[in-house]
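Have a look at data.cif; it's mmCIF, C-alpha atoms:
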data_final
#
loop_
_atom_site.label_atom_id
_atom_site.label_comp_id
_atom_site.auth_asym_id
_atom_site.auth_seq_id
_atom_site.Cartn_x
_atom_site.Cartn_y
_atom_site.Cartn_z
CA MET A 1 142.44 -46.59 -28.06
CA PHE A 2 145.04 -48.92 -29.55
CA LYS A 3 143.45 -52.02 -31.13
CA ARG A 4 144.66 -54.89 -33.26
CA THR A 5 142.57 -57.72 -34.70
CA SER A 6 143.75 -61.31 -34.43
CA ALA A 7 143.44 -61.79 -38.17
CA ALA A 8 145.59 -58.75 -38.85
CA VAL A 9 148.20 -59.88 -36.34
CA LEU A 10 148.46 -63.33 -37.88
CA ALA A 11 148.57 -62.00 -41.42
CA ALA A 12 151.30 -59.53 -40.52
CA SER A 13 153.38 -62.13 -38.68
CA LEU A 14 153.08 -64.65 -41.49
CA ALA A 15 153.94 -62.03 -44.08
CA LEU A 16 156.95 -60.79 -42.16
CA ALA A 17 158.25 -64.29 -41.57
CA ALA A 18 157.80 -65.20 -45.23
CA ALA A 19 159.49 -62.04 -46.40
CA GLY A 20 162.37 -62.39 -43.97
CA CYS A 21 161.77 -59.17 -42.05
CA GLY A 22 165.02 -58.06 -40.45
CA ASP A 23 167.15 -60.56 -42.37
CA THR A 24 170.86 -60.49 -41.66
CA GLY A 25 171.80 -61.33 -45.22
CA ASP A 26 170.52 -62.57 -48.58
CA ASP A 27 167.47 -64.82 -48.62
CA THR A 28 167.94 -68.58 -48.58
CA SER A 29 165.37 -71.32 -48.29
CA SER A 30 165.62 -73.80 -45.45
CA GLY A 31 165.74 -76.69 -47.87
CA GLY A 32 167.88 -75.41 -50.71
CA GLY A 33 171.47 -76.57 -51.11
CA GLY A 34 171.64 -78.03 -47.60
CA SER A 35 171.04 -74.63 -46.00
CA LYS A 36 168.88 -74.12 -42.93
CA THR A 37 166.92 -71.08 -41.77
CA LEU A 38 166.47 -70.30 -38.08
CA THR A 39 163.50 -67.99 -37.52
CA VAL A 40 163.65 -65.76 -34.45
CA PHE A 41 160.74 -63.60 -33.30
CA ALA A 42 162.15 -60.86 -31.07
CA ALA A 43 161.05 -57.63 -29.41
CA ALA A 44 161.79 -54.51 -31.45
CA SER A 45 164.15 -53.23 -28.75
CA LEU A 46 166.43 -56.20 -29.48
CA THR A 47 166.94 -55.24 -33.12
CA GLU A 48 170.55 -54.09 -32.92
CA THR A 49 171.81 -56.66 -30.41
CA PHE A 50 170.10 -59.69 -31.94
CA THR A 51 171.14 -58.69 -35.44
CA ALA A 52 174.75 -58.70 -34.21
CA LEU A 53 174.28 -62.03 -32.45
CA GLY A 54 172.63 -63.44 -35.56
CA LYS A 55 175.73 -62.67 -37.60
CA THR A 56 177.88 -64.30 -34.92
CA PHE A 57 175.66 -67.38 -35.01
CA GLU A 58 175.80 -67.61 -38.80
CA ALA A 59 179.58 -67.34 -38.76
CA ALA A 60 179.76 -70.27 -36.33
CA HIS A 61 177.22 -72.33 -38.29
CA PRO A 62 178.07 -72.37 -42.01
CA GLY A 63 174.99 -72.88 -44.15
CA VAL A 64 172.65 -71.51 -41.49
CA LYS A 65 170.62 -68.37 -42.07
CA VAL A 66 169.15 -66.47 -39.11
CA ARG A 67 165.94 -64.70 -40.08
CA PHE A 68 164.47 -62.17 -37.66
CA ASN A 69 160.96 -60.84 -37.20
CA PHE A 70 161.26 -57.79 -34.94
CA GLY A 71 158.16 -56.06 -33.60
CA GLY A 72 155.91 -55.43 -30.63
CA SER A 73 156.10 -58.43 -28.28
CA ASP A 74 152.32 -58.63 -27.99
CA SER A 75 151.77 -58.97 -31.74
CA LEU A 76 154.64 -61.45 -32.08
CA ALA A 77 153.20 -63.59 -29.27
CA GLN A 78 149.75 -63.56 -30.84
CA GLY A 79 151.25 -64.49 -34.19
CA ILE A 80 153.00 -67.51 -32.67
CA THR A 81 149.85 -68.74 -30.94
CA GLN A 82 148.00 -68.46 -34.25
CA GLY A 83 150.49 -70.47 -36.26
CA ALA A 84 153.14 -68.07 -37.52
CA PRO A 85 156.33 -70.13 -38.07
CA ALA A 86 159.05 -69.44 -35.51
CA ASP A 87 161.86 -71.30 -33.79
CA VAL A 88 162.70 -68.84 -30.98
CA PHE A 89 160.70 -66.15 -29.20
CA ALA A 90 162.44 -63.39 -27.23
CA SER A 91 159.97 -61.08 -25.49
CA ALA A 92 160.35 -57.73 -23.75
CA SER A 93 158.19 -58.82 -20.80
CA PRO A 94 157.05 -61.91 -18.92
CA ALA A 95 153.43 -60.85 -19.54
CA THR A 96 153.74 -61.15 -23.32
CA MET A 97 155.71 -64.38 -22.98
CA LYS A 98 152.83 -65.74 -20.89
CA THR A 99 150.59 -65.48 -23.96
CA VAL A 100 152.78 -68.11 -25.61
CA THR A 101 153.28 -70.35 -22.58
CA ASP A 102 149.57 -70.31 -21.68
CA ALA A 103 148.76 -71.45 -25.21
CA GLY A 104 151.17 -74.36 -24.88
CA ASP A 105 153.39 -72.99 -27.62
CA ALA A 106 156.65 -72.87 -25.65
CA ASP A 107 159.07 -75.80 -25.53
CA GLY A 108 160.52 -75.66 -22.04
CA THR A 109 160.60 -72.90 -19.46
CA PRO A 110 161.37 -69.33 -20.63
CA GLN A 111 164.62 -67.94 -19.23
CA VAL A 112 165.21 -64.28 -18.45
CA PHE A 113 168.35 -63.19 -20.28
CA THR A 114 168.44 -59.42 -19.76
CA ARG A 115 166.61 -56.37 -18.36
CA ASN A 116 165.80 -52.88 -19.67
CA ARG A 117 164.48 -49.60 -18.34
CA LEU A 118 162.94 -46.45 -19.73
CA VAL A 119 164.33 -43.00 -20.44
CA ILE A 120 162.68 -39.87 -21.80
CA ALA A 121 163.69 -39.34 -25.42
CA VAL A 122 163.56 -35.80 -26.81
CA PRO A 123 164.83 -34.27 -30.08
CA PRO A 124 168.47 -33.08 -29.83
CA LYS A 125 167.43 -29.42 -29.48
CA ASP A 126 164.73 -30.32 -26.93
CA PRO A 127 162.10 -27.80 -28.12
CA GLY A 128 159.76 -28.80 -25.27
CA LYS A 129 162.38 -28.04 -22.61
CA VAL A 130 161.89 -31.38 -20.87
CA ALA A 131 163.95 -32.06 -17.76
CA GLU A 132 161.96 -34.63 -15.78
CA LEU A 133 159.03 -37.01 -16.00
CA ALA A 134 156.56 -34.47 -14.55
CA ASP A 135 157.20 -32.22 -17.56
CA LEU A 136 155.39 -34.71 -19.80
CA ALA A 137 152.09 -33.63 -18.25
CA ARG A 138 152.52 -30.02 -19.41
CA SER A 139 149.76 -28.64 -21.60
CA GLY A 140 150.76 -28.30 -25.23
CA LEU A 141 153.63 -30.80 -25.04
CA LYS A 142 153.33 -33.49 -27.72
CA VAL A 143 154.17 -36.82 -26.08
CA VAL A 144 154.15 -40.25 -27.76
CA LEU A 145 154.06 -43.55 -25.89
CA CYS A 146 153.93 -47.22 -26.75
CA ALA A 147 150.44 -48.73 -26.67
CA PRO A 148 149.54 -50.21 -23.25
CA ALA A 149 149.50 -53.77 -24.63
CA VAL A 150 153.16 -53.47 -25.65
CA PRO A 151 155.81 -54.03 -22.93
CA CYS A 152 157.25 -50.52 -23.33
CA GLY A 153 153.72 -49.13 -22.97
CA ALA A 154 153.04 -51.18 -19.85
CA ALA A 155 156.35 -49.99 -18.38
CA ALA A 156 155.52 -46.37 -19.22
CA LYS A 157 152.14 -46.68 -17.51
CA LYS A 158 153.81 -48.11 -14.39
CA ALA A 159 156.52 -45.43 -14.29
CA LEU A 160 154.02 -42.60 -14.75
CA ALA A 161 151.82 -44.02 -12.00
CA ALA A 162 154.83 -44.27 -9.67
CA ALA A 163 155.51 -40.57 -10.27
CA ASN A 164 151.81 -39.67 -10.05
CA VAL A 165 152.06 -38.07 -13.48
CA LYS A 166 149.14 -38.15 -15.91
CA VAL A 167 149.91 -37.89 -19.61
CA LYS A 168 147.52 -37.73 -22.52
CA PRO A 169 149.64 -39.05 -25.41
CA ALA A 170 149.35 -37.61 -28.89
CA SER A 171 149.62 -41.19 -30.16
CA GLU A 172 150.17 -44.73 -28.93
CA GLU A 173 152.61 -46.68 -31.08
CA SER A 174 152.89 -50.39 -31.87
CA ASP A 175 156.49 -50.71 -30.66
CA VAL A 176 159.33 -48.71 -29.12
CA LYS A 177 161.05 -48.07 -32.45
CA ALA A 178 157.94 -46.26 -33.71
CA VAL A 179 158.04 -43.96 -30.67
CA LEU A 180 161.73 -43.32 -31.22
CA THR A 181 161.17 -42.51 -34.90
CA LYS A 182 158.53 -39.87 -34.13
CA VAL A 183 160.82 -38.17 -31.64
CA SER A 184 163.86 -38.30 -33.93
CA LEU A 185 161.85 -36.77 -36.78
CA ASP A 186 160.62 -33.92 -34.55
CA GLU A 187 157.08 -35.21 -34.83
CA ALA A 188 156.90 -35.31 -31.04
CA ASP A 189 158.41 -33.28 -28.21
CA ALA A 190 159.10 -36.35 -26.08
CA GLY A 191 158.53 -40.08 -25.78
CA LEU A 192 159.26 -42.85 -23.32
CA VAL A 193 161.63 -45.43 -24.84
CA TYR A 194 164.08 -47.99 -23.57
CA ARG A 195 167.52 -46.79 -22.57
CA THR A 196 169.04 -49.13 -25.17
CA ASP A 197 167.00 -47.67 -28.03
CA ALA A 198 167.97 -44.13 -27.09
CA LYS A 199 171.62 -45.19 -26.97
CA ALA A 200 171.37 -46.81 -30.40
CA ALA A 201 169.88 -43.55 -31.75
CA ALA A 202 172.53 -41.31 -30.18
CA GLY A 203 172.73 -38.04 -32.10
CA LYS A 204 169.15 -38.38 -33.31
CA VAL A 205 167.59 -38.09 -29.85
CA LYS A 206 168.70 -37.01 -26.39
CA ALA A 207 168.06 -39.34 -23.46
CA ILE A 208 166.90 -38.05 -20.09
CA GLU A 209 167.12 -40.46 -17.15
CA PHE A 210 164.45 -40.32 -14.46
CA PRO A 211 164.36 -42.09 -11.07
CA GLU A 212 160.89 -43.59 -11.49
CA SER A 213 162.25 -45.85 -14.24
CA ALA A 214 163.50 -48.11 -11.44
CA LYS A 215 159.85 -48.90 -10.68
CA ALA A 216 159.25 -50.23 -14.18
CA VAL A 217 162.21 -52.38 -15.19
CA ASN A 218 161.32 -55.02 -17.80
CA ASP A 219 162.67 -58.56 -17.71
CA TYR A 220 163.26 -60.16 -21.13
CA PRO A 221 162.56 -63.92 -21.39
CA ILE A 222 163.52 -66.22 -24.26
CA VAL A 223 162.23 -69.68 -25.19
CA GLU A 224 162.21 -72.24 -27.97
CA VAL A 225 158.85 -72.39 -29.73
CA ARG A 226 157.02 -75.72 -29.54
CA LYS A 227 157.51 -77.85 -32.65
CA ALA A 228 160.18 -75.45 -33.89
CA PRO A 229 161.24 -76.42 -37.45
CA GLN A 230 164.88 -75.99 -36.36
CA GLY A 231 164.76 -77.17 -32.76
CA ALA A 232 168.46 -78.02 -32.42
CA LEU A 233 169.53 -74.67 -33.83
CA ALA A 234 166.97 -72.88 -31.64
CA LYS A 235 168.57 -74.38 -28.53
CA GLN A 236 172.04 -73.32 -29.70
CA PHE A 237 170.92 -69.76 -30.45
CA ILE A 238 169.33 -69.48 -27.01
CA GLN A 239 172.58 -70.67 -25.44
CA LEU A 240 174.45 -67.98 -27.36
CA VAL A 241 172.09 -65.32 -25.98
CA LEU A 242 172.35 -66.68 -22.43
CA GLY A 243 176.11 -67.13 -22.56
CA ALA A 244 179.03 -64.78 -22.01
CA GLN A 245 179.08 -63.57 -25.60
CA GLY A 246 175.39 -62.71 -25.57
CA ARG A 247 175.72 -60.99 -22.21
CA SER A 248 178.63 -58.90 -23.50
CA VAL A 249 176.70 -57.70 -26.56
CA LEU A 250 173.61 -56.89 -24.51
CA THR A 251 175.34 -55.01 -21.69
CA GLY A 252 177.43 -53.15 -24.25
CA ALA A 253 174.19 -51.85 -25.74
CA GLY A 254 172.92 -50.64 -22.37
CA PHE A 255 170.88 -53.64 -21.22
CA GLU A 256 171.20 -54.80 -17.62
CA ALA A 257 172.14 -58.23 -16.33
CA PRO A 258 169.11 -60.19 -15.07
#
Could I get this file's structure written as structure tokens?
Amino acid sequence: MFKRTSAAVLAASLALAAAGCGDTGDDTSSGGGGSKTLTVFAAASLTETFTALGKTFEAAHPGVKVRFNFGGSDSLAQGITQGAPADVFASASPATMKTVTDAGDADGTPQVFTRNRLVIAVPPKDPGKVAELADLARSGLKVVLCAPAVPCGAAAKKALAAANVKVKPASEESDVKAVLTKVSLDEADAGLVYRTDAKAAAGKVKAIEFPESAKAVNDYPIVEVRKAPQGALAKQFIQLVLGAQGRSVLTGAGFEAP
């Protein structure tokens, strides 16, 4: 069973934020030389798109550094509610966003900015001969899933239930990128990942669409964190994500319009 202690979550979030996990450039302090650092906590599945948008934002705001903490939405949300410093939170599900809003740590109402759905990811040579979702229940097939607490895990559970398919995973991972890594390294025969992650890993995995994914589409909300150190910049970054430029980057990566 996948478990995570609150202390470990907070320590990890604080450490990642301090170290600048997912930085889009060289480290700068928010107070040095007139520079400012905008800290964005975002779902792991947003890594490629938000990194690109971060560079766009920096180019339009000289002296501003966008620092990302990418990870499982559940752990990011818990980190925020326990004091990890953040200006913006972009989650892969309304359920994980609710952790932040229920704690009173959101400034304003979260807005859904995109949607995502699952595919089956298999190694390029597909050693397990997977063709459809029902194949994941085959004996001897090594399947990896996201942990149920993570949005991609909750979506996988819903899709499998819709297909009446029961899978005993070889492991439950902390975020979608971890599932993708195991499949791409041939450490698993198959995994359920977001369409966008499979597209970003083209050549390393093969994506198999399945109709039940329509029963488990995830909405992605974004919000400014309460008492954000860079509140004005947080609002501007959110507008970039919600605007035409953000929409173009997201749909180009395989995300769906909300």
Exercise. With distances taken over only C-alpha atoms, which of A:Ser75, A:Thr96, A:Asn116, A:Asn218 is nearest to Arg195 (chain A)?
Worked result: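 Distance minimum relative to Arg195 (chain A) lands on A:Asn116.
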For this session: Would you translate the PyMOL selection byres ((chain A and resi 93) around 10) into the concrete set of residues it matches in this file, as JSON, numbers by chain?
Result: {"A": [43, 73, 74, 90, 91, 92, 94, 95, 96, 97, 98, 112, 115, 116, 150, 151, 152, 154, 155, 217, 218, 219, 220, 221, 222]}
Scan for residues within 10 Å of the point (168.7, -74.9, -35.0) in the coordinates of the file, using all atoms listed in the file, and reply as a PDB file with C-alpha atoms, in the coordinates of the input.
ATOM      1  CA  LYS A  36     168.880 -74.120 -42.930  1.00  0.00           C
ATOM      2  CA  THR A  37     166.920 -71.080 -41.770  1.00  0.00           C
ATOM      3  CA  LEU A  38     166.470 -70.300 -38.080  1.00  0.00           C
ATOM      4  CA  THR A  39     163.500 -67.990 -37.520  1.00  0.00           C
ATOM      5  CA  HIS A  61     177.220 -72.330 -38.290  1.00  0.00           C
ATOM      6  CA  VAL A  64     172.650 -71.510 -41.490  1.00  0.00           C
ATOM      7  CA  LYS A  65     170.620 -68.370 -42.070  1.00  0.00           C
ATOM      8  CA  VAL A  66     169.150 -66.470 -39.110  1.00  0.00           C
ATOM      9  CA  ASP A  87     161.860 -71.300 -33.790  1.00  0.00           C
ATOM     10  CA  VAL A  88     162.700 -68.840 -30.980  1.00  0.00           C
ATOM     11  CA  GLU A 224     162.210 -72.240 -27.970  1.00  0.00           C
ATOM     12  CA  ALA A 228     160.180 -75.450 -33.890  1.00  0.00           C
ATOM     13  CA  PRO A 229     161.240 -76.420 -37.450  1.00  0.00           C
ATOM     14  CA  GLN A 230     164.880 -75.990 -36.360  1.00  0.00           C
ATOM     15  CA  GLY A 231     164.760 -77.170 -32.760  1.00  0.00           C
ATOM     16  CA  ALA A 232     168.460 -78.020 -32.420  1.00  0.00           C
ATOM     17  CA  LEU A 233     169.530 -74.670 -33.830  1.00  0.00           C
ATOM     18  CA  ALA A 234     166.970 -72.880 -31.640  1.00  0.00           C
ATOM     19  CA  LYS A 235     168.570 -74.380 -28.530  1.00  0.00           C
ATOM     20  CA  GLN A 236     172.040 -73.320 -29.700  1.00  0.00           C
ATOM     21  CA  PHE A 237     170.920 -69.760 -30.450  1.00  0.00           C
ATOM     22  CA  ILE A 238     169.330 -69.480 -27.010  1.00  0.00           C
TER      23      ILE A 238
END
For this session: Between A:Val176, A:Ala137, A:Ala42, A:Leu76, single out the one closest to Asp189 (chain A), counting all atoms listed in the file.
Result: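 Of all the options, A:Ala137 lies closest to Asp189 (chain A).
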Seminar exercise, completed: Across A:Ala60, A:Phe68, A:Thr101, A:Glu209, the smallest distance to Glu48 (chain A), with only C-alpha atoms counted, is shown by A:Phe68
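Interatomic distance, CA of Leu133 (chain A) against CA of Val179 (chain A): 16.3 Å.
Atom to atom, CA of Thr99 (chain A) and CA of Ile80 (chain A) stand 9.3 Å apart.
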For this session: Let me know the residues the PyMOL selection byres ((chain A and resi 192) around 9) catches in the file above, as number ranges by chain.
Result: A: 118-122, 143-146, 152-153, 156, 176, 179-180, 190-191, 193-194
Exercise. What's the 7 Å shell around Ala216 (chain A), counting all atoms listed in the file, without same-chain residues fewer than 6 positions away, as a ChimeraX atom specification?
Worked result: /A:117,155,158-159
For this session: Pick out the closest residue to Asn164 (chain A) from this set: A:Ala44, A:Thr49, A:Asp135, A:Ala147. Count all atoms listed in the file.
Result: A:Asp135
